[in-house]
>>> print(open('protein.csv').read())   # CSV, N, CA, C and O atoms and all ligand atoms
chain,number,residue,atom,x,y,z
A,1,MET,N,-5.3,43.0,65.2
A,1,MET,CA,-4.8,43.6,64.0
A,1,MET,C,-4.7,45.1,64.2
A,1,MET,O,-5.6,45.7,64.8
A,2,THR,N,-3.7,45.7,63.7
A,2,THR,CA,-3.5,47.2,63.9
A,2,THR,C,-4.2,48.0,62.9
A,2,THR,O,-4.2,47.7,61.7
A,3,GLU,N,-5.0,48.9,63.4
A,3,GLU,CA,-5.7,49.9,62.5
A,3,GLU,C,-5.3,51.3,62.8
A,3,GLU,O,-4.9,51.6,64.0
A,4,SER,N,-5.4,52.1,61.9
A,4,SER,CA,-5.1,53.5,62.2
A,4,SER,C,-6.3,54.4,61.7
A,4,SER,O,-7.0,54.0,60.8
A,5,ALA,N,-6.4,55.5,62.4
A,5,ALA,CA,-7.5,56.4,62.1
A,5,ALA,C,-7.1,57.8,62.4
A,5,ALA,O,-6.2,58.1,63.2
A,6,SER,N,-7.8,58.7,61.7
A,6,SER,CA,-7.5,60.1,61.9
A,6,SER,C,-8.9,60.8,62.1
A,6,SER,O,-9.8,60.7,61.3
A,7,LEU,N,-9.0,61.4,63.3
A,7,LEU,CA,-10.3,62.0,63.7
A,7,LEU,C,-10.2,63.5,63.7
A,7,LEU,O,-9.2,64.0,64.2
A,8,THR,N,-11.2,64.2,63.3
A,8,THR,CA,-11.3,65.6,63.4
A,8,THR,C,-11.8,65.9,64.8
A,8,THR,O,-12.9,65.4,65.1
A,9,VAL,N,-11.1,66.7,65.5
A,9,VAL,CA,-11.5,67.0,66.9
A,9,VAL,C,-11.4,68.5,67.1
A,9,VAL,O,-10.4,69.1,66.9
A,10,THR,N,-12.5,69.1,67.6
A,10,THR,CA,-12.5,70.5,67.8
A,10,THR,C,-12.5,70.8,69.3
A,10,THR,O,-12.8,69.9,70.1
A,11,GLY,N,-12.0,71.9,69.7
A,11,GLY,CA,-11.9,72.3,71.1
A,11,GLY,C,-10.5,72.3,71.7
A,11,GLY,O,-10.3,72.9,72.8
A,12,MET,N,-9.6,71.7,71.0
A,12,MET,CA,-8.2,71.7,71.5
A,12,MET,C,-7.6,73.1,71.1
A,12,MET,O,-7.6,73.5,69.9
A,13,LYS,N,-7.0,73.8,72.1
A,13,LYS,CA,-6.5,75.1,71.9
A,13,LYS,C,-5.0,75.3,72.1
A,13,LYS,O,-4.5,76.3,71.7
A,14,CYS,N,-4.4,74.3,72.7
A,14,CYS,CA,-3.0,74.5,73.0
A,14,CYS,C,-2.3,73.1,73.2
A,14,CYS,O,-3.0,72.1,73.2
A,15,GLY,N,-1.1,73.1,73.6
A,15,GLY,CA,-0.4,71.9,73.8
A,15,GLY,C,-0.9,71.1,75.0
A,15,GLY,O,-0.9,69.9,75.1
A,16,GLY,N,-1.5,71.9,76.0
A,16,GLY,CA,-2.1,71.2,77.1
A,16,GLY,C,-3.3,70.4,76.7
A,16,GLY,O,-3.5,69.3,77.2
A,17,CYS,N,-4.1,70.9,75.8
A,17,CYS,CA,-5.2,70.2,75.3
A,17,CYS,C,-4.8,68.9,74.6
A,17,CYS,O,-5.3,67.9,74.7
A,18,GLU,N,-3.7,69.1,73.8
A,18,GLU,CA,-3.2,67.9,73.0
A,18,GLU,C,-2.8,66.9,74.0
A,18,GLU,O,-3.0,65.7,73.8
A,19,ASN,N,-2.1,67.3,75.1
A,19,ASN,CA,-1.7,66.3,76.1
A,19,ASN,C,-2.8,65.7,76.8
A,19,ASN,O,-2.8,64.5,77.1
A,20,ASN,N,-3.9,66.5,77.1
A,20,ASN,CA,-5.1,65.9,77.7
A,20,ASN,C,-5.6,64.7,76.9
A,20,ASN,O,-6.0,63.7,77.4
A,21,VAL,N,-5.7,65.0,75.6
A,21,VAL,CA,-6.3,64.0,74.7
A,21,VAL,C,-5.4,62.8,74.6
A,21,VAL,O,-5.8,61.6,74.7
A,22,THR,N,-4.1,63.0,74.3
A,22,THR,CA,-3.2,61.8,74.1
A,22,THR,C,-3.1,61.0,75.4
A,22,THR,O,-3.0,59.8,75.4
A,23,THR,N,-3.0,61.7,76.6
A,23,THR,CA,-2.9,61.0,77.8
A,23,THR,C,-4.1,60.1,78.1
A,23,THR,O,-4.0,58.9,78.4
A,24,LYS,N,-5.3,60.7,77.8
A,24,LYS,CA,-6.5,60.0,77.9
A,24,LYS,C,-6.6,58.7,77.0
A,24,LYS,O,-6.9,57.6,77.4
A,25,LEU,N,-6.2,59.0,75.8
A,25,LEU,CA,-6.2,57.9,74.8
A,25,LEU,C,-5.2,56.8,75.2
A,25,LEU,O,-5.5,55.6,75.1
A,26,LYS,N,-4.1,57.2,75.6
A,26,LYS,CA,-3.0,56.1,75.9
A,26,LYS,C,-3.4,55.3,77.2
A,26,LYS,O,-2.8,54.3,77.4
A,27,SER,N,-4.4,55.8,77.9
A,27,SER,CA,-4.9,55.0,79.1
A,27,SER,C,-5.8,53.9,78.6
A,27,SER,O,-6.2,53.0,79.4
A,28,ILE,N,-6.2,53.9,77.4
A,28,ILE,CA,-7.1,52.8,76.9
A,28,ILE,C,-6.3,51.6,76.5
A,28,ILE,O,-5.3,51.7,75.8
A,29,ASN,N,-6.7,50.5,77.0
A,29,ASN,CA,-6.1,49.2,76.6
A,29,ASN,C,-6.2,49.0,75.1
A,29,ASN,O,-7.4,49.1,74.5
A,30,GLY,N,-5.2,48.8,74.4
A,30,GLY,CA,-5.2,48.6,72.9
A,30,GLY,C,-4.8,49.7,72.1
A,30,GLY,O,-4.6,49.6,70.9
A,31,ILE,N,-4.6,50.9,72.7
A,31,ILE,CA,-4.1,52.0,71.9
A,31,ILE,C,-2.6,51.9,71.8
A,31,ILE,O,-1.8,51.7,72.7
A,32,ILE,N,-2.1,51.9,70.5
A,32,ILE,CA,-0.7,51.8,70.3
A,32,ILE,C,0.0,53.1,70.2
A,32,ILE,O,1.1,53.3,70.8
A,33,SER,N,-0.6,54.1,69.5
A,33,SER,CA,-0.1,55.4,69.6
A,33,SER,C,-1.2,56.4,69.4
A,33,SER,O,-2.2,56.1,68.8
A,34,ALA,N,-1.0,57.6,69.9
A,34,ALA,CA,-1.9,58.7,69.8
A,34,ALA,C,-1.2,60.0,69.7
A,34,ALA,O,-0.3,60.3,70.4
A,35,THR,N,-1.5,60.8,68.6
A,35,THR,CA,-1.0,62.1,68.5
A,35,THR,C,-2.1,63.1,68.3
A,35,THR,O,-3.1,62.7,67.6
A,36,ALA,N,-2.0,64.3,68.8
A,36,ALA,CA,-3.0,65.3,68.6
A,36,ALA,C,-2.4,66.6,68.1
A,36,ALA,O,-1.3,66.9,68.5
A,37,SER,N,-3.1,67.3,67.3
A,37,SER,CA,-2.7,68.6,66.8
A,37,SER,C,-3.8,69.6,66.9
A,37,SER,O,-4.8,69.4,66.3
A,38,SER,N,-3.6,70.5,67.8
A,38,SER,CA,-4.7,71.5,68.0
A,38,SER,C,-4.7,72.4,66.8
A,38,SER,O,-5.8,72.9,66.3
A,39,LYS,N,-3.6,72.7,66.1
A,39,LYS,CA,-3.6,73.5,64.9
A,39,LYS,C,-4.4,72.9,63.8
A,39,LYS,O,-5.1,73.6,63.1
A,40,ASP,N,-4.2,71.6,63.6
A,40,ASP,CA,-4.8,70.9,62.5
A,40,ASP,C,-6.2,70.3,62.9
A,40,ASP,O,-6.9,69.8,62.0
A,41,LYS,N,-6.5,70.4,64.2
A,41,LYS,CA,-7.8,69.8,64.7
A,41,LYS,C,-7.8,68.3,64.4
A,41,LYS,O,-8.9,67.8,63.9
A,42,LEU,N,-6.7,67.7,64.5
A,42,LEU,CA,-6.6,66.2,64.2
A,42,LEU,C,-6.1,65.4,65.3
A,42,LEU,O,-5.2,65.9,66.0
A,43,VAL,N,-6.7,64.3,65.5
A,43,VAL,CA,-6.1,63.3,66.4
A,43,VAL,C,-5.9,62.0,65.6
A,43,VAL,O,-6.8,61.5,65.0
A,44,ASP,N,-4.6,61.6,65.5
A,44,ASP,CA,-4.3,60.3,64.8
A,44,ASP,C,-4.0,59.2,65.9
A,44,ASP,O,-3.3,59.4,66.8
A,45,VAL,N,-4.6,58.1,65.6
A,45,VAL,CA,-4.5,57.0,66.5
A,45,VAL,C,-4.1,55.7,65.8
A,45,VAL,O,-4.6,55.5,64.6
A,46,GLU,N,-3.4,54.9,66.4
A,46,GLU,CA,-3.2,53.5,66.0
A,46,GLU,C,-3.6,52.6,67.1
A,46,GLU,O,-3.3,52.9,68.3
A,47,PHE,N,-4.4,51.6,66.8
A,47,PHE,CA,-5.0,50.8,67.8
A,47,PHE,C,-5.1,49.3,67.4
A,47,PHE,O,-5.2,49.0,66.2
A,48,ASP,N,-5.2,48.5,68.4
A,48,ASP,CA,-5.4,47.1,68.1
A,48,ASP,C,-6.9,46.8,68.1
A,48,ASP,O,-7.6,47.0,69.1
A,49,SER,N,-7.4,46.5,67.0
A,49,SER,CA,-8.9,46.4,66.8
A,49,SER,C,-9.5,45.2,67.5
A,49,SER,O,-10.7,45.1,67.6
A,50,GLN,N,-8.6,44.3,68.1
A,50,GLN,CA,-9.2,43.2,68.9
A,50,GLN,C,-9.5,43.8,70.3
A,50,GLN,O,-10.2,43.1,71.0
A,51,LYS,N,-8.8,44.9,70.7
A,51,LYS,CA,-8.9,45.3,72.1
A,51,LYS,C,-9.8,46.6,72.2
A,51,LYS,O,-10.3,46.8,73.3
A,52,THR,N,-9.8,47.4,71.2
A,52,THR,CA,-10.6,48.6,71.3
A,52,THR,C,-11.2,49.0,69.9
A,52,THR,O,-11.0,48.3,69.0
A,53,ASN,N,-11.9,50.0,69.9
A,53,ASN,CA,-12.6,50.4,68.6
A,53,ASN,C,-12.7,51.9,68.5
A,53,ASN,O,-12.5,52.6,69.5
A,54,LEU,N,-13.1,52.4,67.4
A,54,LEU,CA,-13.2,53.8,67.2
A,54,LEU,C,-14.3,54.5,68.1
A,54,LEU,O,-14.1,55.6,68.5
A,55,LYS,N,-15.3,53.7,68.4
A,55,LYS,CA,-16.4,54.3,69.3
A,55,LYS,C,-15.8,54.6,70.6
A,55,LYS,O,-16.0,55.7,71.2
A,56,ALA,N,-15.0,53.6,71.2
A,56,ALA,CA,-14.4,53.8,72.5
A,56,ALA,C,-13.4,55.0,72.5
A,56,ALA,O,-13.3,55.8,73.4
A,57,ILE,N,-12.7,55.1,71.4
A,57,ILE,CA,-11.7,56.2,71.2
A,57,ILE,C,-12.4,57.6,71.2
A,57,ILE,O,-12.1,58.5,71.9
A,58,ALA,N,-13.5,57.6,70.4
A,58,ALA,CA,-14.3,58.9,70.3
A,58,ALA,C,-14.9,59.2,71.6
A,58,ALA,O,-14.9,60.4,72.0
A,59,ASP,N,-15.4,58.2,72.3
A,59,ASP,CA,-16.0,58.5,73.6
A,59,ASP,C,-15.0,59.0,74.6
A,59,ASP,O,-15.3,59.9,75.4
A,60,ALA,N,-13.7,58.5,74.6
A,60,ALA,CA,-12.7,59.0,75.5
A,60,ALA,C,-12.4,60.4,75.2
A,60,ALA,O,-12.1,61.2,76.1
A,61,ILE,N,-12.3,60.8,73.9
A,61,ILE,CA,-12.0,62.2,73.5
A,61,ILE,C,-13.2,63.1,74.0
A,61,ILE,O,-12.9,64.2,74.6
A,62,THR,N,-14.4,62.6,73.9
A,62,THR,CA,-15.5,63.4,74.4
A,62,THR,C,-15.5,63.5,75.9
A,62,THR,O,-15.7,64.6,76.4
A,63,ASP,N,-15.2,62.4,76.6
A,63,ASP,CA,-15.0,62.5,78.0
A,63,ASP,C,-14.0,63.5,78.5
A,63,ASP,O,-14.1,64.1,79.5
A,64,ALA,N,-12.9,63.6,77.7
A,64,ALA,CA,-11.9,64.6,78.0
A,64,ALA,C,-12.3,66.0,77.8
A,64,ALA,O,-11.6,67.0,78.2
A,65,GLY,N,-13.5,66.2,77.2
A,65,GLY,CA,-14.0,67.6,77.0
A,65,GLY,C,-13.9,68.2,75.6
A,65,GLY,O,-14.1,69.4,75.5
A,66,TYR,N,-13.6,67.3,74.7
A,66,TYR,CA,-13.4,67.8,73.3
A,66,TYR,C,-14.5,67.2,72.4
A,66,TYR,O,-15.2,66.3,72.8
A,67,THR,N,-14.6,67.8,71.2
A,67,THR,CA,-15.7,67.3,70.3
A,67,THR,C,-15.1,66.6,69.1
A,67,THR,O,-14.3,67.2,68.4
A,68,VAL,N,-15.6,65.4,68.9
A,68,VAL,CA,-15.2,64.6,67.7
A,68,VAL,C,-16.2,65.0,66.6
A,68,VAL,O,-17.4,64.8,66.8
A,69,VAL,N,-15.7,65.5,65.5
A,69,VAL,CA,-16.6,65.8,64.4
A,69,VAL,C,-16.7,64.6,63.5
A,69,VAL,O,-15.7,64.0,63.0
A,70,ASP,N,-17.9,64.2,63.3
A,70,ASP,CA,-18.1,63.0,62.5
A,70,ASP,C,-18.1,63.3,61.0
A,70,ASP,O,-19.1,63.9,60.5
A,71,ASP,N,-17.0,63.1,60.4
A,71,ASP,CA,-16.8,63.5,59.0
A,71,ASP,C,-16.6,62.3,58.1
A,71,ASP,O,-16.0,62.4,57.1
A,72,ASN,N,-17.0,61.1,58.6
A,72,ASN,CA,-16.8,59.9,57.8
A,72,ASN,C,-17.8,59.9,56.6
A,72,ASN,O,-18.9,59.9,56.7
B,101,CU,CU,-5.4,73.9,75.9
>>> encode(input="protein.csv", output="structure tokens")
Amino acid sequence: MTESASLTVTGMKCGGCENNVTTKLKSINGIISATASSKDKLVDVEFDSQKTNLKAIADAITDAGYTVVDDN
């Protein structure tokens, strides 16, 4: 089933950072779409919750060198 989420992510400074994040996320099996905005400090994802989860998504963003702010 498709879920969507919006994560607050700090550390993105430019379009290159946005690309780093979205490229990393799109390499995860189950990610349907990923968009990142350095200006808004937001990463929006749609994913198949049978294949991946928010923890894996947050870990991938962290691995790419950015910080996921836990604001839930
Ligand atoms: Cu950058």
>>> residues_near_ligand(input="protein.csv", ligand="ligand CU 101 (chain B)", cutoff="4.5 Å", atoms="all atoms listed in the file", output="number ranges by chain")
A: 13-14, 16-17
>>> residues_around(input="protein.csv", residues="region 39-42 of chain A", least_positions_apart="5", cutoff="7 Å", atoms="only N, CA, C and O atoms", output="MDAnalysis selection string")
chainID A and resid 6:14
>>> closest_residue(input="protein.csv", among="A:Gly30, A:Ser37, A:Asp63, A:Asn19", to="Ser49 (chain A)", atoms="only C-alpha atoms")
A:Gly30
>>> residues_around(input="protein.csv", residues="Ile28 (chain A)", least_positions_apart="2", cutoff="8 Å", atoms="all atoms listed in the file", output="list in words")
Thr22, Thr23, Lys24, Leu25, Lys26, Gly30, Ile31, Ile32, Glu46, Lys51, Thr52 and Ala56 of chain A
>>> residues_around(input="protein.csv", residues="Ala60 (chain A)", least_positions_apart="5", cutoff="7 Å", atoms="only N, CA, C and O atoms", output="ChimeraX atom specification")
/A:20-21,24-25,54-55,65-66
>>> select_by_dssp(input="protein.csv", residues="chain A", states="strand (DSSP E)", output="MDAnalysis selection string")
chainID A and resid 2:10 31:37 42:48 67:69
>>> write_last_selection(input="protein.csv", atoms="N, CA, C and O atoms", output="JSON list (two decimals), keeping the file's coordinate frame")
[["chain", "number", "residue", "atom", "x", "y", "z"],
["A", 2, "THR", "N", -3.70, 45.70, 63.70],
["A", 2, "THR", "CA", -3.50, 47.20, 63.90],
["A", 2, "THR", "C", -4.20, 48.00, 62.90],
["A", 2, "THR", "O", -4.20, 47.70, 61.70],
["A", 3, "GLU", "N", -5.00, 48.90, 63.40],
["A", 3, "GLU", "CA", -5.70, 49.90, 62.50],
["A", 3, "GLU", "C", -5.30, 51.30, 62.80],
["A", 3, "GLU", "O", -4.90, 51.60, 64.00],
["A", 4, "SER", "N", -5.40, 52.10, 61.90],
["A", 4, "SER", "CA", -5.10, 53.50, 62.20],
["A", 4, "SER", "C", -6.30, 54.40, 61.70],
["A", 4, "SER", "O", -7.00, 54.00, 60.80],
["A", 5, "ALA", "N", -6.40, 55.50, 62.40],
["A", 5, "ALA", "CA", -7.50, 56.40, 62.10],
["A", 5, "ALA", "C", -7.10, 57.80, 62.40],
["A", 5, "ALA", "O", -6.20, 58.10, 63.20],
["A", 6, "SER", "N", -7.80, 58.70, 61.70],
["A", 6, "SER", "CA", -7.50, 60.10, 61.90],
["A", 6, "SER", "C", -8.90, 60.80, 62.10],
["A", 6, "SER", "O", -9.80, 60.70, 61.30],
["A", 7, "LEU", "N", -9.00, 61.40, 63.30],
["A", 7, "LEU", "CA", -10.30, 62.00, 63.70],
["A", 7, "LEU", "C", -10.20, 63.50, 63.70],
["A", 7, "LEU", "O", -9.20, 64.00, 64.20],
["A", 8, "THR", "N", -11.20, 64.20, 63.30],
["A", 8, "THR", "CA", -11.30, 65.60, 63.40],
["A", 8, "THR", "C", -11.80, 65.90, 64.80],
["A", 8, "THR", "O", -12.90, 65.40, 65.10],
["A", 9, "VAL", "N", -11.10, 66.70, 65.50],
["A", 9, "VAL", "CA", -11.50, 67.00, 66.90],
["A", 9, "VAL", "C", -11.40, 68.50, 67.10],
["A", 9, "VAL", "O", -10.40, 69.10, 66.90],
["A", 10, "THR", "N", -12.50, 69.10, 67.60],
["A", 10, "THR", "CA", -12.50, 70.50, 67.80],
["A", 10, "THR", "C", -12.50, 70.80, 69.30],
["A", 10, "THR", "O", -12.80, 69.90, 70.10],
["A", 31, "ILE", "N", -4.60, 50.90, 72.70],
["A", 31, "ILE", "CA", -4.10, 52.00, 71.90],
["A", 31, "ILE", "C", -2.60, 51.90, 71.80],
["A", 31, "ILE", "O", -1.80, 51.70, 72.70],
["A", 32, "ILE", "N", -2.10, 51.90, 70.50],
["A", 32, "ILE", "CA", -0.70, 51.80, 70.30],
["A", 32, "ILE", "C", 0.00, 53.10, 70.20],
["A", 32, "ILE", "O", 1.10, 53.30, 70.80],
["A", 33, "SER", "N", -0.60, 54.10, 69.50],
["A", 33, "SER", "CA", -0.10, 55.40, 69.60],
["A", 33, "SER", "C", -1.20, 56.40, 69.40],
["A", 33, "SER", "O", -2.20, 56.10, 68.80],
["A", 34, "ALA", "N", -1.00, 57.60, 69.90],
["A", 34, "ALA", "CA", -1.90, 58.70, 69.80],
["A", 34, "ALA", "C", -1.20, 60.00, 69.70],
["A", 34, "ALA", "O", -0.30, 60.30, 70.40],
["A", 35, "THR", "N", -1.50, 60.80, 68.60],
["A", 35, "THR", "CA", -1.00, 62.10, 68.50],
["A", 35, "THR", "C", -2.10, 63.10, 68.30],
["A", 35, "THR", "O", -3.10, 62.70, 67.60],
["A", 36, "ALA", "N", -2.00, 64.30, 68.80],
["A", 36, "ALA", "CA", -3.00, 65.30, 68.60],
["A", 36, "ALA", "C", -2.40, 66.60, 68.10],
["A", 36, "ALA", "O", -1.30, 66.90, 68.50],
["A", 37, "SER", "N", -3.10, 67.30, 67.30],
["A", 37, "SER", "CA", -2.70, 68.60, 66.80],
["A", 37, "SER", "C", -3.80, 69.60, 66.90],
["A", 37, "SER", "O", -4.80, 69.40, 66.30],
["A", 42, "LEU", "N", -6.70, 67.70, 64.50],
["A", 42, "LEU", "CA", -6.60, 66.20, 64.20],
["A", 42, "LEU", "C", -6.10, 65.40, 65.30],
["A", 42, "LEU", "O", -5.20, 65.90, 66.00],
["A", 43, "VAL", "N", -6.70, 64.30, 65.50],
["A", 43, "VAL", "CA", -6.10, 63.30, 66.40],
["A", 43, "VAL", "C", -5.90, 62.00, 65.60],
["A", 43, "VAL", "O", -6.80, 61.50, 65.00],
["A", 44, "ASP", "N", -4.60, 61.60, 65.50],
["A", 44, "ASP", "CA", -4.30, 60.30, 64.80],
["A", 44, "ASP", "C", -4.00, 59.20, 65.90],
["A", 44, "ASP", "O", -3.30, 59.40, 66.80],
["A", 45, "VAL", "N", -4.60, 58.10, 65.60],
["A", 45, "VAL", "CA", -4.50, 57.00, 66.50],
["A", 45, "VAL", "C", -4.10, 55.70, 65.80],
["A", 45, "VAL", "O", -4.60, 55.50, 64.60],
["A", 46, "GLU", "N", -3.40, 54.90, 66.40],
["A", 46, "GLU", "CA", -3.20, 53.50, 66.00],
["A", 46, "GLU", "C", -3.60, 52.60, 67.10],
["A", 46, "GLU", "O", -3.30, 52.90, 68.30],
["A", 47, "PHE", "N", -4.40, 51.60, 66.80],
["A", 47, "PHE", "CA", -5.00, 50.80, 67.80],
["A", 47, "PHE", "C", -5.10, 49.30, 67.40],
["A", 47, "PHE", "O", -5.20, 49.00, 66.20],
["A", 48, "ASP", "N", -5.20, 48.50, 68.40],
["A", 48, "ASP", "CA", -5.40, 47.10, 68.10],
["A", 48, "ASP", "C", -6.90, 46.80, 68.10],
["A", 48, "ASP", "O", -7.60, 47.00, 69.10],
["A", 67, "THR", "N", -14.60, 67.80, 71.20],
["A", 67, "THR", "CA", -15.70, 67.30, 70.30],
["A", 67, "THR", "C", -15.10, 66.60, 69.10],
["A", 67, "THR", "O", -14.30, 67.20, 68.40],
["A", 68, "VAL", "N", -15.60, 65.40, 68.90],
["A", 68, "VAL", "CA", -15.20, 64.60, 67.70],
["A", 68, "VAL", "C", -16.20, 65.00, 66.60],
["A", 68, "VAL", "O", -17.40, 64.80, 66.80],
["A", 69, "VAL", "N", -15.70, 65.50, 65.50],
["A", 69, "VAL", "CA", -16.60, 65.80, 64.40],
["A", 69, "VAL", "C", -16.70, 64.60, 63.50],
["A", 69, "VAL", "O", -15.70, 64.00, 63.00]]
>>> atom_distance(input="protein.csv", atom1="atom O of Ser4 (chain A)", atom2="atom O of Ala64 (chain A)")
22.2 Å
>>> select_by_dssp(input="protein.csv", residues="chain A", states="alpha helix (DSSP H)", output="PyMOL selection string")
chain A and resi 15-26+54-63
>>> atom_distance(input="protein.csv", atom1="CA of Gly15 (chain A)", atom2="CA of Ile57 (chain A)")
19.5 Å
>>> closest_residue(input="protein.csv", among="A:Val69, A:Ser27, A:Glu18, A:Ser33", to="Asp48 (chain A)", atoms="all atoms listed in the file")
A:Ser33
>>> closest_residue(input="protein.csv", among="A:Val68, A:Ile61, A:Ala5, A:Asn29", to="Asp44 (chain A)", atoms="only C-alpha atoms")
A:Ala5
>>> atom_distance(input="protein.csv", atom1="CA of Thr67 (chain A)", atom2="CA of Ser38 (chain A)")
12.0 Å
